[in-house]
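Written below as structure tokens is the structure these notes are about.
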Amino acid sequence: MINAQKAQIQGGLQAKPKEWAAEPASALKNLDLPVYVLRQGQAVHLSNCGTLVAAGAKGSVELLAQAPALDTSRLGDARFGQRFGATHAYFAGSMANGISSAEMVIALGKAGYLASFGAGGLETQAVLAGLEQIQAALPDGPYAVNLIHSPNEAALESGAVDLFLKRGVKIIEASAYLDLTAQVVRYRVAGLAMEGGRVVAKNQVIAKVSRREVAERFMRPAPERFLGPLVEQGLITAEQASWAAQVPMADAVSVEADSGGHTDNRPLVNLLPSLIALRNEIQAEMNYPEPILIGAGGGIGTPEAVLGALSMGAAYIVTGSVNQACVESGTSDHVRTLLAQAAMADVIMAPASDMFEQGVKLQVLRRGTLFAMRAQKLYEWYSNCANIDEIPSAEREKLEKQIFQKPLEQVWADCVDFFNRRDPAELAKAQANPKKKMALIFRWYLGQSSHWAKAHTPGREMDYQIWTGPAMGAFNDWVRGSSLEVVANRKVVAVAEELLRGAAYLARLRMLEWQGLSFDPALATYRPR
């Protein structure tokens with residue numbers, strides 16, 4: 001099982017044969033104790049016990065290699081937990097429309113993990129209800145709440161910040177930003193205070209980005225162009241505006257690689273080192289008292305992926321897709337079943353509802369749904385027509401029958417009712433601009449499709465929009481044959497624990513391999529308990 005021919009003799013170990021592991025895997029998986037690889041004659045043994053002595057000491061055996069105890073709380077950068085009140089460098093990122101549910105945030109928070117409530121896309125009352133539930137269960141945290149960039153619905157972003165400040169939300173996850181906005185700046189700067197002669201940011205920001213230029217904006221202080229107007233409006237004080245130059249916009253930046261939902265499909269092995277280097281350059285220039293932490297997300301679905309990201313320098317890891325398949329997620333059992341069946345190739349890019357007019361896409365499940373194909377067809381008509389009346393009548397009939405399942409006039413009536421409640425300004429733009437009106441009609445389908453999936457709406461199965469990335473398929477491959485293969489057993493805390501335990505196990509294995517050992521493939525892979 002273990003090849004020790006190339007191992008370097010480091011010294012000796014005094015250990016009793018009865019302390020040697022009967023099965024090598026048991027000693028390797030005992031992460032709370034160090035592991036020693038011993039040679040006695042021609043036999044190689046593993047032990048979690050013993051006392052190091054000089055080579056050749058009486059009663060000793062040859063010590064070929066050793067690896068220290070490695071509790072999962074030691075993985076990543078300890079400052080992540082110190083900053084955000086968590087016990088592990090593990091962050092369950094947000095999934096919009098409450099898919100990252102209050103129940104999910106609470107379950108992880110009670111176990112010491114930081115998770116972000118998926119407030120994006122929810123109306124104010126739904127966000128408030130979720131916040132009240134979370135704050136009642138986790139009065140001292142840890143928890144975060146998603147603030148999503150809404151370029152087409154500025155009032156929604158502003159209302160979210162109003163609510164977060166009123167409710168005392170101390171950590172937000174800023175996602176889908178193409179640039180900074182006055183609202184994310186307001187949240188950050190409104191929490192600045194002077195304590196002990198030093199500026200502290202009580203409103204913490206974890207920015208999720210996939211582009212270097214966007215990352216740099218969050219790594220630098222708030223721009224002056226936002227601060228003056230915010231002071232004039234009485235939303236921040238003049239002192240806070242002056243203090244803003246001393247702190248970056250974000251405490252942590254999550255590097256978003258090939259993830260579910262909004263993504264640029266960037267390879268993590270390229271993107272993460274680039275943004276770590278950018279952080280280092282800016283830190284050398286700005287000399288922040290607390291350096292920005294860089295995390296890694298997108299593709300994190302196995303212990304190998306966790307260890308790979310941490311080995312490249314990530315301070316923490318971010319999970320998403322794998323959490324949606326858990327019982328606490330705010331989606332339907334049908335969606336969880338589809339996700340549990342997904343392979344790595346069962347994903348596809350499709351137009352995004354919130355940035356439809358800009359041509360922005362997001363990653364969704366392809367298997368078991370026609371959403372991506374139908375959404376792309378709508379975007380093609382939007383791109384080629386100035387208004388809804390330019391669509392040929394035969395094609396319009398197909399759209400009404402196959403995609404909308406109702407007349408477009410009725411869809412528009414639904415849009416009017418929705419935006420009268422949510423953002424009347426957006427409705428006014430559409431009433432004055434036929435192409436904008438067409439965009440809202442098409443966005444109705446894109447927006448409803450994710451709700452149909454959450455609610456498991458009968459008859460709409462082929463239209464379900466399910467955000468996920470390749471990590472889902474990798475996770476399914478990893479858990480096959482274990483208890484986590486069963487959807488009912490997939491709980492967010494269990495998934496987090498097994499991913500981290502697996503990463504710690506593999507980390508110790510790498511340490512031993514670097515000392516000249518090689519292991520049977522049966523030992524070189526960690527399977528869920």
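So you can find residues: chains in the structure tokens are A, B, ... in the order shown, residues in each start at 1, and ligands are numbered from 1 in order.
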Q. Near A:Asp32, counting only C-alpha atoms, which residues have an atom at most 6 Å away, once you skip same-chain residues fewer than 2 positions from it, shown as a list of chain:residue names?
A.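 That gives A:Asn30, A:Ala69, A:Asp71.
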Convert the current residue selection to file output with N, CA, C and O atoms, as a PDB file, in the first residue's frame.
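That gives us out06.pdb:
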```pdb
ATOM      1  N   ASN A  30      -6.980  10.132  10.785  1.00  0.00           N
ATOM      2  CA  ASN A  30      -7.033  10.672  12.146  1.00  0.00           C
ATOM      3  C   ASN A  30      -6.332  12.026  12.146  1.00  0.00           C
ATOM      4  O   ASN A  30      -5.166  12.151  12.523  1.00  0.00           O
ATOM      5  N   ALA A  69      -0.588  17.001  12.905  1.00  0.00           N
ATOM      6  CA  ALA A  69      -2.048  17.057  13.011  1.00  0.00           C
ATOM      7  C   ALA A  69      -2.540  18.243  12.194  1.00  0.00           C
ATOM      8  O   ALA A  69      -1.867  19.273  12.101  1.00  0.00           O
ATOM      9  N   ASP A  71      -6.119  20.010  11.876  1.00  0.00           N
ATOM     10  CA  ASP A  71      -7.545  20.268  12.057  1.00  0.00           C
ATOM     11  C   ASP A  71      -8.052  21.130  10.910  1.00  0.00           C
ATOM     12  O   ASP A  71      -7.338  22.007  10.412  1.00  0.00           O
TER      13      ASP A  71
END
```
Q.
Write out as a list in words the set of residues from stretch 19-78 of chain A that DSSP, computed on the backbone, places in strand (DSSP E).
A. Val35, Tyr36, Val37, Leu38, Arg39, Gln40, Ala43, Val44, His45, Leu46, Ser47, Thr51, Leu52, Val53, Val61, Glu62, Leu63, Leu64, Ala65, Gln66 and Ala67 of chain A
Q.
Restricting the calculation to only C-alpha atoms: of A:Arg198, A:Ser158, A:Leu180, A:Asn203, which residue gets closest to A:Ala222?
A.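 Selected residue with least distance to A:Ala222: A:Leu180.
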Q. Smallest atom-to-atom distance to A:Asn97: which of A:Lys454, A:Arg460, A:Lys29, A:Arg529, using only C-alpha atoms?
A.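 Using only C-alpha atoms, A:Asn97 sits closest to A:Lys454.
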Q) Looking at only C-alpha atoms, which of A:Tyr445, A:Phe218, A:Tyr505, A:Tyr187 is the one that sits closest to A:Leu230? A)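 Closest to A:Leu230, using only C-alpha atoms: A:Tyr187.
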Q. Could you pull the residues within 8 Å of A:Met472, counting only C-alpha atoms, minus those fewer than 5 positions along the same chain, as a PyMOL selection string?
A. chain A and resi 301+321-322+339-340+342-344
(Q) Excluding stretch 414-430 of chain A and its own-chain neighbours fewer than 6 positions away, which residues fall within 8 Å of it when counting only C-alpha atoms? Please give them as number ranges by chain. (A) A: 123, 152-153, 155-156, 436-437, 440-441, 444
